[in-house]
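Structure data (compact mmCIF, C-alpha atoms and all ligand atoms) from run_17.txt:
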# COMPACT_ATOMS: atom_id res chain seq x y z
CA MET J 21 84.25 77.47 90.51
CA THR J 22 81.37 79.96 90.90
CA GLU J 23 82.15 83.46 89.63
CA LEU J 24 80.69 86.08 91.97
CA LEU J 25 81.33 89.02 89.64
CA PRO J 26 80.20 89.56 86.02
CA SER J 27 83.11 89.25 83.58
CA ARG J 28 82.59 92.89 82.51
CA ALA J 29 81.48 94.53 85.75
CA ARG J 30 81.05 98.21 86.67
CA ILE J 31 83.01 98.67 89.89
CA PHE J 32 83.19 101.79 92.07
CA VAL J 33 86.67 102.09 93.56
CA ALA J 34 86.45 104.45 96.55
CA GLY J 35 89.88 106.00 97.17
CA HIS J 36 91.09 105.54 93.58
CA ARG J 37 93.88 108.12 93.93
CA GLY J 38 95.49 106.35 96.90
CA LEU J 39 98.18 103.66 97.06
CA VAL J 40 95.68 100.78 97.21
CA GLY J 41 92.79 102.26 95.23
CA SER J 42 95.01 103.18 92.26
CA ALA J 43 96.51 99.67 92.15
CA VAL J 44 93.07 98.04 92.41
CA ALA J 45 91.71 100.33 89.68
CA ARG J 46 94.65 99.45 87.38
CA ARG J 47 94.12 95.76 87.99
CA LEU J 48 90.33 95.76 87.51
CA THR J 49 90.66 97.82 84.32
CA ALA J 50 93.27 95.36 83.00
CA ASP J 51 90.80 92.55 83.76
CA GLY J 52 88.23 94.22 81.46
CA HIS J 53 85.99 95.83 84.10
CA THR J 54 84.78 99.43 84.02
CA VAL J 55 86.10 101.31 87.03
CA LEU J 56 83.92 104.15 88.34
CA THR J 57 85.64 106.90 90.33
CA ARG J 58 84.77 110.22 91.92
CA PRO J 59 87.34 112.76 93.16
CA ARG J 60 87.13 113.68 96.84
CA THR J 61 86.51 117.32 95.82
CA GLU J 62 83.23 116.18 94.23
CA LEU J 63 82.25 113.45 96.71
CA ASP J 64 83.38 113.49 100.33
CA LEU J 65 82.69 109.91 101.40
CA ARG J 66 82.09 111.02 104.99
CA ASP J 67 78.89 112.61 103.66
CA ALA J 68 76.37 109.76 103.89
CA ALA J 69 73.59 111.44 101.89
CA ALA J 70 75.90 112.45 99.02
CA THR J 71 77.51 108.98 98.96
CA ALA J 72 74.13 107.22 98.95
CA GLY J 73 72.99 109.54 96.15
CA TYR J 74 76.06 108.75 94.04
CA LEU J 75 75.63 104.99 94.52
CA ARG J 76 71.88 105.16 93.75
CA GLN J 77 72.64 107.09 90.59
CA THR J 78 75.46 104.83 89.34
CA ARG J 79 74.32 101.43 90.71
CA PRO J 80 77.65 99.63 90.29
CA ASP J 81 77.95 95.82 90.29
CA ALA J 82 80.52 96.08 93.07
CA VAL J 83 82.28 98.53 95.38
CA VAL J 84 85.87 98.36 96.59
CA LEU J 85 86.24 100.45 99.75
CA ALA J 86 89.87 101.64 99.64
CA ALA J 87 89.15 105.17 100.86
CA ALA J 88 90.29 105.83 104.39
CA ARG J 89 92.31 108.11 106.64
CA VAL J 90 95.64 106.23 106.53
CA GLY J 91 99.09 106.89 107.96
CA GLY J 92 102.17 105.56 109.69
CA ILE J 93 102.83 105.12 113.38
CA MET J 94 103.34 108.82 114.14
CA ALA J 95 100.24 110.03 112.29
CA ASN J 96 98.12 107.38 113.99
CA ALA J 97 99.45 108.25 117.44
CA THR J 98 99.07 112.02 116.89
CA TYR J 99 95.61 112.17 115.28
CA PRO J 100 93.53 109.36 116.83
CA VAL J 101 90.32 111.44 116.58
CA GLN J 102 90.58 111.77 112.80
CA PHE J 103 91.66 108.14 112.37
CA LEU J 104 88.63 106.98 114.35
CA GLU J 105 85.98 109.40 113.12
CA ASP J 106 86.88 109.78 109.43
CA ASN J 107 87.13 106.02 108.99
CA LEU J 108 83.89 105.29 110.84
CA ARG J 109 82.07 107.91 108.79
CA ILE J 110 83.47 106.73 105.43
CA GLN J 111 82.57 103.11 106.25
CA LEU J 112 79.06 104.00 107.41
CA SER J 113 78.42 106.04 104.26
CA VAL J 114 79.82 103.62 101.74
CA VAL J 115 78.61 100.28 103.11
CA ALA J 116 75.12 101.52 104.02
CA GLY J 117 74.90 103.49 100.75
CA ALA J 118 75.88 100.42 98.73
CA HIS J 119 73.22 98.31 100.44
CA GLU J 120 70.55 100.97 99.95
CA ALA J 121 71.44 101.19 96.24
CA GLY J 122 71.22 97.40 95.88
CA VAL J 123 74.94 96.91 95.14
CA PRO J 124 75.42 93.11 95.32
CA ARG J 125 79.19 92.92 96.02
CA LEU J 126 81.45 95.00 98.26
CA LEU J 127 85.05 94.50 99.38
CA PHE J 128 86.07 96.36 102.54
CA LEU J 129 89.77 96.89 103.19
CA GLY J 130 90.85 96.76 106.81
CA SER J 131 94.39 96.34 108.10
CA SER J 132 96.53 93.87 110.05
CA CYS J 133 96.54 96.31 113.00
CA ILE J 134 93.03 95.07 113.91
CA TYR J 135 94.61 92.06 115.64
CA PRO J 136 95.73 92.05 119.29
CA ARG J 137 99.18 93.53 119.91
CA LEU J 138 100.52 90.22 121.19
CA ALA J 139 98.55 87.83 118.96
CA PRO J 140 100.20 84.43 118.31
CA GLN J 141 102.25 84.56 115.09
CA PRO J 142 101.53 84.08 112.26
CA ILE J 143 98.20 85.78 112.99
CA ARG J 144 95.09 83.86 111.97
CA GLU J 145 91.83 85.61 111.17
CA ASP J 146 90.23 84.10 114.30
CA ALA J 147 92.64 86.08 116.53
CA LEU J 148 90.31 89.08 116.09
CA LEU J 149 89.01 90.44 119.42
CA THR J 150 91.02 88.02 121.54
CA GLY J 151 93.23 90.61 123.30
CA PRO J 152 94.24 94.26 123.78
CA LEU J 153 95.22 96.35 120.73
CA GLU J 154 98.48 98.20 120.04
CA PRO J 155 98.06 101.66 121.68
CA THR J 156 99.72 103.67 118.84
CA ASN J 157 96.91 102.71 116.43
CA GLU J 158 94.04 101.69 118.70
CA ALA J 159 91.61 104.32 117.35
CA TYR J 160 92.26 103.36 113.72
CA ALA J 161 92.07 99.64 114.55
CA LEU J 162 88.75 100.05 116.35
CA ALA J 163 87.28 101.89 113.35
CA LYS J 164 88.46 99.07 111.09
CA ILE J 165 87.04 96.42 113.44
CA ALA J 166 83.71 98.27 113.32
CA GLY J 167 83.94 98.06 109.51
CA ILE J 168 84.41 94.29 109.64
CA VAL J 169 81.42 93.89 111.95
CA GLN J 170 79.36 96.24 109.77
CA VAL J 171 80.09 94.10 106.69
CA GLN J 172 79.32 90.87 108.62
CA SER J 173 76.08 92.40 109.87
CA TYR J 174 74.90 93.23 106.33
CA ARG J 175 75.69 89.65 105.37
CA ARG J 176 73.82 88.17 108.35
CA GLN J 177 70.80 90.47 108.35
CA TYR J 178 70.32 91.06 104.61
CA GLY J 179 72.30 88.25 102.92
CA ALA J 180 74.57 90.83 101.25
CA GLY J 181 77.64 89.53 99.36
CA TYR J 182 79.95 91.87 101.29
CA ILE J 183 83.44 90.75 102.33
CA SER J 184 86.53 92.06 104.13
CA ALA J 185 90.26 91.75 103.40
CA MET J 186 92.98 92.51 105.96
CA PRO J 187 96.22 93.51 104.24
CA THR J 188 99.59 93.57 105.93
CA ASN J 189 101.89 96.65 105.60
CA LEU J 190 101.82 97.70 101.94
CA TYR J 191 104.13 99.63 99.64
CA GLY J 192 104.24 100.49 95.96
CA PRO J 193 104.01 103.22 93.35
CA GLY J 194 102.30 106.43 94.42
CA ASP J 195 102.96 105.87 98.14
CA ASN J 196 102.97 108.71 100.67
CA PHE J 197 106.54 110.03 101.13
CA ASP J 198 105.65 112.80 103.63
CA LEU J 199 107.92 112.00 106.58
CA ALA J 200 105.43 113.18 109.20
CA THR J 201 102.60 110.91 108.03
CA SER J 202 104.13 108.10 105.95
CA HIS J 203 104.69 104.44 106.71
CA VAL J 204 108.22 103.19 107.32
CA LEU J 205 109.10 101.93 103.86
CA PRO J 206 108.58 105.13 101.84
CA ALA J 207 110.04 107.09 104.77
CA LEU J 208 113.24 105.02 104.63
CA ILE J 209 113.53 105.37 100.85
CA ARG J 210 113.29 109.14 101.12
CA ARG J 211 115.51 109.45 104.21
CA PHE J 212 118.32 107.24 102.85
CA HIS J 213 118.14 109.03 99.49
CA GLU J 214 118.45 112.45 101.13
CA ALA J 215 121.19 111.26 103.53
CA ALA J 216 123.21 109.93 100.57
CA ARG J 217 122.61 113.13 98.58
CA ASP J 218 123.69 115.30 101.54
CA GLY J 219 126.67 113.07 102.48
CA LEU J 220 125.46 112.57 106.09
CA PRO J 221 127.76 110.36 108.23
CA GLU J 222 124.77 108.84 110.12
CA LEU J 223 121.03 108.44 109.59
CA VAL J 224 118.98 108.06 112.79
CA LEU J 225 115.77 106.04 112.37
CA TRP J 226 112.81 105.72 114.71
CA GLY J 227 112.53 103.19 117.51
CA SER J 228 114.83 100.27 118.31
CA GLY J 229 114.86 98.60 114.87
CA THR J 230 113.74 95.31 116.47
CA PRO J 231 110.01 95.26 115.56
CA ARG J 232 109.18 92.82 112.81
CA ARG J 233 106.95 93.72 109.87
CA GLU J 234 105.68 91.98 106.75
CA PHE J 235 105.61 94.02 103.50
CA LEU J 236 103.48 93.29 100.45
CA HIS J 237 103.65 95.09 97.10
CA VAL J 238 100.34 96.77 96.37
CA ASP J 239 100.08 95.12 92.93
CA ASP J 240 100.05 91.74 94.71
CA LEU J 241 97.32 93.06 97.00
CA ALA J 242 95.33 94.22 93.95
CA ASP J 243 95.64 90.73 92.50
CA ALA J 244 94.26 89.30 95.77
CA CYS J 245 91.38 91.83 95.77
CA ALA J 246 90.42 90.87 92.21
CA LEU J 247 90.43 87.18 93.21
CA LEU J 248 88.38 87.76 96.38
CA LEU J 249 85.75 89.75 94.46
CA ARG J 250 85.37 86.86 92.03
CA ARG J 251 85.66 83.88 94.37
CA TYR J 252 85.20 84.65 98.07
CA ASP J 253 81.85 85.04 99.81
CA GLY J 254 82.55 84.25 103.45
CA ASP J 255 81.74 85.88 106.76
CA GLU J 256 85.32 85.95 108.04
CA PRO J 257 87.88 88.53 106.91
CA VAL J 258 90.73 87.27 104.71
CA ASN J 259 94.35 88.10 105.55
CA VAL J 260 96.54 89.33 102.69
CA GLY J 261 100.30 89.13 103.19
CA CYS J 262 103.40 87.56 101.68
CA GLY J 263 103.95 85.18 104.60
CA GLU J 264 107.44 86.47 105.51
CA ASP J 265 108.58 89.23 107.83
CA LEU J 266 111.84 90.96 108.75
CA THR J 267 113.04 93.40 111.39
CA ILE J 268 112.96 97.14 110.75
CA ARG J 269 116.76 96.99 111.04
CA GLU J 270 116.90 94.41 108.22
CA LEU J 271 114.50 96.53 106.17
CA ALA J 272 116.75 99.55 106.76
CA GLU J 273 119.82 97.59 105.57
CA THR J 274 117.95 96.56 102.41
CA VAL J 275 116.81 100.12 101.63
CA ARG J 276 120.30 101.44 102.38
CA GLU J 277 121.79 99.02 99.83
CA VAL J 278 119.17 99.79 97.17
CA VAL J 279 119.70 103.54 97.60
CA GLY J 280 123.50 103.29 97.96
CA TYR J 281 123.94 105.14 101.29
CA ARG J 282 127.34 104.45 102.88
CA GLY J 283 126.96 106.11 106.32
CA ALA J 284 125.97 104.53 109.65
CA ILE J 285 122.45 103.76 110.89
CA GLY J 286 121.43 104.96 114.38
CA TRP J 287 118.23 104.38 116.36
CA ASP J 288 116.18 106.95 118.28
CA THR J 289 114.56 104.87 121.01
CA THR J 290 112.48 107.82 122.20
CA LYS J 291 110.31 107.18 119.10
CA PRO J 292 107.65 104.43 119.31
CA ASP J 293 108.29 100.88 118.11
CA GLY J 294 104.63 100.02 117.79
CA THR J 295 103.57 96.41 117.80
CA PRO J 296 106.53 94.01 118.24
CA ARG J 297 105.54 91.64 115.45
CA LYS J 298 102.78 91.47 112.83
CA LEU J 299 103.02 88.49 110.48
CA LEU J 300 99.78 87.29 108.93
CA ASP J 301 98.71 83.69 108.45
CA VAL J 302 97.68 83.69 104.78
CA SER J 303 96.54 80.09 104.44
CA ARG J 304 92.89 81.10 103.84
CA LEU J 305 93.86 83.23 100.83
CA GLN J 306 96.37 80.67 99.59
CA SER J 307 93.65 78.02 99.63
CA LEU J 308 91.95 80.09 96.89
CA GLY J 309 95.12 79.72 94.77
CA TRP J 310 96.72 83.14 95.41
CA ARG J 311 100.49 83.67 95.66
CA PRO J 312 102.43 86.96 95.79
CA ARG J 313 104.74 87.64 92.84
CA ILE J 314 106.92 90.61 93.74
CA ALA J 315 109.97 90.00 95.96
CA LEU J 316 110.64 92.73 98.54
CA ARG J 317 114.04 93.89 97.30
CA GLU J 318 112.88 94.01 93.68
CA GLY J 319 109.74 95.93 94.71
CA ILE J 320 111.73 98.44 96.76
CA ALA J 321 114.15 99.01 93.86
CA ALA J 322 111.25 99.66 91.46
CA VAL J 323 109.53 102.08 93.87
CA TYR J 324 112.83 103.89 94.49
CA GLU J 325 113.49 104.29 90.76
CA GLU J 326 110.01 105.65 90.16
CA TRP J 327 110.12 108.05 93.11
CA ARG J 328 113.62 109.27 92.19
CA SER J 329 112.62 110.04 88.62
CA GLN J 330 109.57 111.94 89.92
CA GLN J 331 111.86 113.86 92.27
CA GLU J 332 114.12 114.83 89.42
CA ALA J 333 111.07 116.11 87.53
CA ALA J 334 109.44 117.91 90.51
CA PRO J 335 111.23 117.73 93.90
CA VAL J 336 109.12 117.37 97.07
CA ALA J 337 109.36 120.53 99.20
N1 LIG B 1 99.13 101.59 103.16
C1 LIG B 1 99.21 100.50 103.92
O1 LIG B 1 100.31 100.07 104.34
C2 LIG B 1 97.97 99.75 104.27
C3 LIG B 1 96.70 100.16 103.87
N2 LIG B 1 95.60 99.41 104.23
C4 LIG B 1 94.25 99.84 103.89
O2 LIG B 1 94.08 100.10 102.52
C5 LIG B 1 93.14 101.16 102.34
C6 LIG B 1 93.77 102.23 101.45
O3 LIG B 1 94.98 102.68 102.04
P1 LIG B 1 96.06 103.49 101.19
O4 LIG B 1 95.76 103.39 99.74
O5 LIG B 1 97.36 103.12 101.70
O6 LIG B 1 95.76 104.99 101.65
P2 LIG B 1 95.98 106.35 100.86
O7 LIG B 1 96.08 107.42 101.88
O8 LIG B 1 97.07 106.19 99.87
O9 LIG B 1 94.63 106.52 100.05
C7 LIG B 1 93.42 106.76 100.69
C8 LIG B 1 92.42 107.28 99.68
O10 LIG B 1 91.21 107.58 100.36
C9 LIG B 1 90.74 108.82 99.90
N3 LIG B 1 89.95 109.47 100.94
C10 LIG B 1 90.30 109.69 102.24
N4 LIG B 1 89.31 110.34 102.87
C11 LIG B 1 88.32 110.54 101.96
C12 LIG B 1 87.06 111.16 102.00
N5 LIG B 1 86.59 111.71 103.13
N6 LIG B 1 86.31 111.19 100.88
C13 LIG B 1 86.77 110.64 99.72
N7 LIG B 1 87.95 110.04 99.62
C14 LIG B 1 88.72 109.99 100.73
C15 LIG B 1 91.97 109.62 99.56
O11 LIG B 1 91.61 110.65 98.68
P3 LIG B 1 92.65 111.80 98.22
O12 LIG B 1 93.55 111.11 97.22
O13 LIG B 1 91.81 112.83 97.62
O14 LIG B 1 93.37 112.21 99.45
C16 LIG B 1 92.84 108.54 98.95
O15 LIG B 1 92.56 108.39 97.57
C17 LIG B 1 92.78 101.67 103.72
O16 LIG B 1 91.56 101.10 104.11
C18 LIG B 1 93.88 101.14 104.60
O17 LIG B 1 93.44 100.87 105.88
C19 LIG B 1 95.72 98.27 104.97
C20 LIG B 1 96.94 97.83 105.38
C21 LIG B 1 98.16 98.53 105.08
C1 LIG B 2 100.03 99.49 108.10
C2 LIG B 2 100.13 99.84 109.56
O1 LIG B 2 100.98 100.96 109.71
C3 LIG B 2 101.11 101.52 111.01
O2 LIG B 2 101.73 100.66 111.91
P1 LIG B 2 103.28 100.41 111.88
O3 LIG B 2 103.59 99.25 111.06
O4 LIG B 2 103.77 100.38 113.28
O5 LIG B 2 103.78 101.78 111.20
P2 LIG B 2 105.02 102.35 110.41
O6 LIG B 2 105.12 101.80 109.06
O7 LIG B 2 104.88 103.84 110.51
O8 LIG B 2 106.29 101.96 111.31
C4 LIG B 2 106.82 100.66 111.37
C5 LIG B 2 108.05 100.62 112.24
O9 LIG B 2 109.10 101.37 111.59
C6 LIG B 2 109.73 102.24 112.51
N1 LIG B 2 110.38 103.36 111.82
C7 LIG B 2 111.71 103.61 111.78
N2 LIG B 2 111.97 104.75 111.14
C8 LIG B 2 110.75 105.21 110.70
C9 LIG B 2 110.40 106.35 109.95
O10 LIG B 2 111.22 107.19 109.54
N3 LIG B 2 109.07 106.51 109.68
C10 LIG B 2 108.12 105.61 110.11
N4 LIG B 2 106.81 105.81 109.78
N5 LIG B 2 108.45 104.52 110.85
C11 LIG B 2 109.76 104.34 111.13
C12 LIG B 2 108.61 102.61 113.46
O11 LIG B 2 109.10 103.14 114.67
C13 LIG B 2 107.90 101.27 113.62
O12 LIG B 2 108.58 100.47 114.56
C14 LIG B 2 99.82 101.91 111.60
O13 LIG B 2 99.39 103.04 110.95
C15 LIG B 2 98.79 100.81 111.50
O14 LIG B 2 97.55 101.35 111.73
C16 LIG B 2 98.81 100.06 110.20
O15 LIG B 2 97.81 99.57 109.75

Could I get this file's structure written as structure tokens?
Amino acid sequence: MTELLPSRARIFVAGHRGLVGSAVARRLTADGHTVLTRPRTELDLRDAAATAGYLRQTRPDAVVLAAARVGGIMANATYPVQFLEDNLRIQLSVVAGAHEAGVPRLLFLGSSCIYPRLAPQPIREDALLTGPLEPTNEAYALAKIAGIVQVQSYRRQYGAGYISAMPTNLYGPGDNFDLATSHVLPALIRRFHEAARDGLPELVLWGSGTPRREFLHVDDLADACALLLRRYDGDEPVNVGCGEDLTIRELAETVREVVGYRGAIGWDTTKPDGTPRKLLDVSRLQSLGWRPRIALREGIAAVYEEWRSQQEAAPVA
């Protein structure tokens, strides 16, 4: 099969300190590539001129765009301006800057929220732009859709080897555990841990508990990203998920067991549920030979252990 990346490539990972970027950087380094990084304090990727200058100066063989304004349902619903504008600006800077610098390969990371709220399940890549979006993350989703079209446009107009991957809900080491901005899985780990520690009789979670979500460990995503960089050069985005979903209630039961909380679980239905179901069809990725390796319960237990030991060393305020 044709290899689309040199075996010892220089790859700029934008967002290398984040959940996804750090996992991708670990994986590419393990594969023998040289990972280039730049802290946000030295390069704000919303700054198109500075980003273009950095890419011209370094001329990497590939770019992985894992820098973004990211957050859970509440952050998305509260700050739509930042989720729209920061992401549009980062994408414009990085993709245009990469093209201008002659970077031959680029992988853009979108998200499963780009698909219509009521898309047929499991969601195929061709469901894009076939119906209305989920209101709690419409601004973020529209920015990500613009990113997909931007990447497709560079392919069509300039023949660039730029591609897009659409991951499902992710979790893993180094996740965001801030309850105001985090996704559900780290939020539940922290909330069950603190409820057990404080001996609370009940923990009240957000929404009805009935929405269904699919969770993929970020090391499995990194494996998929490495494969796509080497082997995929198509116009269409590629879904990345484990192929199985569960309700938020079932997720809560699993986290409760891992953490060892013995109290009751309540539901605050004044909080948003978000999209009712979001399970990706991953047959396109599977046809390239990819399979996830980390089972959900095992992944949650590992993340909990790591977070707990960090807490013991330096508790979160
Ligand atoms: N987490 C998830 O469940 C999912 C994530 N994704 C996608 O994966 C990608 C990465 O997400 P994730 O790793 O979770 O997010 P994180 O918030 O963990 O990481 C985002 C990274 O982007 C960097 N960043 C943000 N703004 C700027 C900026 N203006 N200039 C430079 N760097 C910036 C951050 O830098 P700093 O560390 O300095 O803050 C951080 O390293 C995103 O595109 C997201 O849409 C897709 C589906 C699900
Ligand atoms: C990756 C994806 O992530 C986001 O979409 P989401 O999946 O809806 O987000 P979430 O992980 O925050 O919530 C999932 C479900 O869980 C419920 N829930 C219960 N209790 C808590 C809780 O304590 N915290 C949170 N955050 N959610 C909770 C919550 O009410 C919801 O029903 C978007 O940013 C979107 O743009 C995106 O791309």

Residues within 12 Å of Glu120 of chain J, all atoms listed in the file, excluding chain neighbours under 6 positions, as a list of chain:residue names =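 Near Glu120 of chain J, the qualifying residues are J:Ala68, J:Ala69, J:Thr71, J:Ala72, J:Gly73, J:Tyr74, J:Leu75, J:Arg76, J:Gln77, J:Arg79, J:Leu112, J:Ser113, J:Val114, J:Tyr174, J:Tyr178, J:Ala180.
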
Those residues with C-alpha atoms, as a PDB file, in the coordinates of the input please?
ATOM      1  CA  ALA J  68      76.370 109.760 103.890  1.00  0.00           C
ATOM      2  CA  ALA J  69      73.590 111.440 101.890  1.00  0.00           C
ATOM      3  CA  THR J  71      77.510 108.980  98.960  1.00  0.00           C
ATOM      4  CA  ALA J  72      74.130 107.220  98.950  1.00  0.00           C
ATOM      5  CA  GLY J  73      72.990 109.540  96.150  1.00  0.00           C
ATOM      6  CA  TYR J  74      76.060 108.750  94.040  1.00  0.00           C
ATOM      7  CA  LEU J  75      75.630 104.990  94.520  1.00  0.00           C
ATOM      8  CA  ARG J  76      71.880 105.160  93.750  1.00  0.00           C
ATOM      9  CA  GLN J  77      72.640 107.090  90.590  1.00  0.00           C
ATOM     10  CA  ARG J  79      74.320 101.430  90.710  1.00  0.00           C
ATOM     11  CA  LEU J 112      79.060 104.000 107.410  1.00  0.00           C
ATOM     12  CA  SER J 113      78.420 106.040 104.260  1.00  0.00           C
ATOM     13  CA  VAL J 114      79.820 103.620 101.740  1.00  0.00           C
ATOM     14  CA  TYR J 174      74.900  93.230 106.330  1.00  0.00           C
ATOM     15  CA  TYR J 178      70.320  91.060 104.610  1.00  0.00           C
ATOM     16  CA  ALA J 180      74.570  90.830 101.250  1.00  0.00           C
TER      17      ALA J 180
END

ask   = Which residue gives the smallest distance to Arg144 of chain J among J:Arg89, J:Arg304, J:Arg251, J:Arg66, with all atoms listed in the file counted?
value = J:Arg304

inquiry  = 7 Å from ligand LIG 2 (chain B) is the threshold here; counting only C-alpha atoms and all ligand atoms, which polymer residues fall inside it? Answer as number ranges by chain.
reply    = J: 90-94, 96, 131-133, 157, 160-161, 188-190, 199, 201-205, 207-208, 225-227, 229, 231, 233, 268, 291-295

Per residue of chain J within 8 Å of ligand LIG 1 (chain B), what are the shortest atom pair and its distance in Å to one decimal, counting only C-alpha atoms and all ligand atoms, with rows by chain and residue number, as JSON lines?
{"residue": "J:Ala34", "atom": "CA", "partner": "B:LIG1", "partner_atom": "N7", "distance": 6.6}
{"residue": "J:Gly35", "atom": "CA", "partner": "B:LIG1", "partner_atom": "O15", "distance": 3.6}
{"residue": "J:His36", "atom": "CA", "partner": "B:LIG1", "partner_atom": "O15", "distance": 5.1}
{"residue": "J:Arg37", "atom": "CA", "partner": "B:LIG1", "partner_atom": "O15", "distance": 3.9}
{"residue": "J:Gly38", "atom": "CA", "partner": "B:LIG1", "partner_atom": "O9", "distance": 3.3}
{"residue": "J:Leu39", "atom": "CA", "partner": "B:LIG1", "partner_atom": "O4", "distance": 3.6}
{"residue": "J:Val40", "atom": "CA", "partner": "B:LIG1", "partner_atom": "O4", "distance": 3.6}
{"residue": "J:Gly41", "atom": "CA", "partner": "B:LIG1", "partner_atom": "O4", "distance": 5.5}
{"residue": "J:Ser42", "atom": "CA", "partner": "B:LIG1", "partner_atom": "O4", "distance": 7.5}
{"residue": "J:Pro59", "atom": "CA", "partner": "B:LIG1", "partner_atom": "O13", "distance": 6.3}
{"residue": "J:Arg60", "atom": "CA", "partner": "B:LIG1", "partner_atom": "C13", "distance": 4.2}
{"residue": "J:Thr61", "atom": "CA", "partner": "B:LIG1", "partner_atom": "O13", "distance": 7.2}
{"residue": "J:Leu63", "atom": "CA", "partner": "B:LIG1", "partner_atom": "C13", "distance": 6.1}
{"residue": "J:Asp64", "atom": "CA", "partner": "B:LIG1", "partner_atom": "N6", "distance": 3.8}
{"residue": "J:Leu65", "atom": "CA", "partner": "B:LIG1", "partner_atom": "N6", "distance": 3.9}
{"residue": "J:Arg66", "atom": "CA", "partner": "B:LIG1", "partner_atom": "N5", "distance": 4.9}
{"residue": "J:Asp67", "atom": "CA", "partner": "B:LIG1", "partner_atom": "N5", "distance": 7.8}
{"residue": "J:Leu85", "atom": "CA", "partner": "B:LIG1", "partner_atom": "O16", "distance": 6.9}
{"residue": "J:Ala86", "atom": "CA", "partner": "B:LIG1", "partner_atom": "C5", "distance": 4.3}
{"residue": "J:Ala87", "atom": "CA", "partner": "B:LIG1", "partner_atom": "O10", "distance": 3.2}
{"residue": "J:Ala88", "atom": "CA", "partner": "B:LIG1", "partner_atom": "C10", "distance": 4.4}
{"residue": "J:Arg89", "atom": "CA", "partner": "B:LIG1", "partner_atom": "C10", "distance": 5.1}
{"residue": "J:Val90", "atom": "CA", "partner": "B:LIG1", "partner_atom": "O7", "distance": 4.8}
{"residue": "J:Gly91", "atom": "CA", "partner": "B:LIG1", "partner_atom": "O7", "distance": 6.8}
{"residue": "J:Gly92", "atom": "CA", "partner": "B:LIG1", "partner_atom": "O1", "distance": 7.9}
{"residue": "J:Asp106", "atom": "CA", "partner": "B:LIG1", "partner_atom": "N5", "distance": 6.6}
{"residue": "J:Asn107", "atom": "CA", "partner": "B:LIG1", "partner_atom": "N4", "distance": 7.8}
{"residue": "J:Ile110", "atom": "CA", "partner": "B:LIG1", "partner_atom": "N5", "distance": 6.3}
{"residue": "J:Phe128", "atom": "CA", "partner": "B:LIG1", "partner_atom": "O16", "distance": 7.4}
{"residue": "J:Leu129", "atom": "CA", "partner": "B:LIG1", "partner_atom": "O16", "distance": 4.7}
{"residue": "J:Gly130", "atom": "CA", "partner": "B:LIG1", "partner_atom": "O17", "distance": 4.9}
{"residue": "J:Ser131", "atom": "CA", "partner": "B:LIG1", "partner_atom": "C19", "distance": 3.9}
{"residue": "J:Ser132", "atom": "CA", "partner": "B:LIG1", "partner_atom": "C20", "distance": 6.1}
{"residue": "J:Cys133", "atom": "CA", "partner": "B:LIG1", "partner_atom": "C20", "distance": 7.8}
{"residue": "J:Lys164", "atom": "CA", "partner": "B:LIG1", "partner_atom": "O17", "distance": 7.4}
{"residue": "J:Met186", "atom": "CA", "partner": "B:LIG1", "partner_atom": "C19", "distance": 6.5}
{"residue": "J:Pro187", "atom": "CA", "partner": "B:LIG1", "partner_atom": "C20", "distance": 4.5}
{"residue": "J:Thr188", "atom": "CA", "partner": "B:LIG1", "partner_atom": "C20", "distance": 5.0}
{"residue": "J:Asn189", "atom": "CA", "partner": "B:LIG1", "partner_atom": "O1", "distance": 4.0}
{"residue": "J:Leu190", "atom": "CA", "partner": "B:LIG1", "partner_atom": "O1", "distance": 3.7}
{"residue": "J:Tyr191", "atom": "CA", "partner": "B:LIG1", "partner_atom": "O1", "distance": 6.1}
{"residue": "J:Gly194", "atom": "CA", "partner": "B:LIG1", "partner_atom": "O8", "distance": 7.6}
{"residue": "J:Asp195", "atom": "CA", "partner": "B:LIG1", "partner_atom": "O8", "distance": 6.1}
{"residue": "J:Asn196", "atom": "CA", "partner": "B:LIG1", "partner_atom": "O8", "distance": 6.5}
{"residue": "J:His203", "atom": "CA", "partner": "B:LIG1", "partner_atom": "O1", "distance": 6.6}

request  = In Å, rounded to a single decimal, give me how far atom CA of Ala200 of chain J is from atom CA of Trp327 of chain J.
outcome  =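 Going from atom CA of Trp327 of chain J over to atom CA of Ala200 of chain J, I get 17.5 Å.
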
Residues at most 7 Å from Trp310 of chain J, counting all atoms listed in the file, excluding those fewer than 3 positions away in the same chain, as a tab-separated table (two decimals) with C-alpha atoms, in the frame of the given file?
chain	number	residue	atom	x	y	z
J	244	ALA	CA	94.26	89.30	95.77
J	305	LEU	CA	93.86	83.23	100.83
J	306	GLN	CA	96.37	80.67	99.59

Spatial neighbours of Ala216 of chain J, 12 Å, all atoms listed in the file, chain gap at least 6 places, as a ChimeraX atom specification = /J:208-210,222-223,275-284

To box segment 119-132 of chain J, take all atoms listed in the file, fit an axis-aligned box, add 8 Å on each side, and give centre and edge lengths in Å to one decimal, as JSON.
{"center_x": 83.5, "center_y": 97.1, "center_z": 102.6, "size_x": 42.0, "size_y": 24.3, "size_z": 30.9}
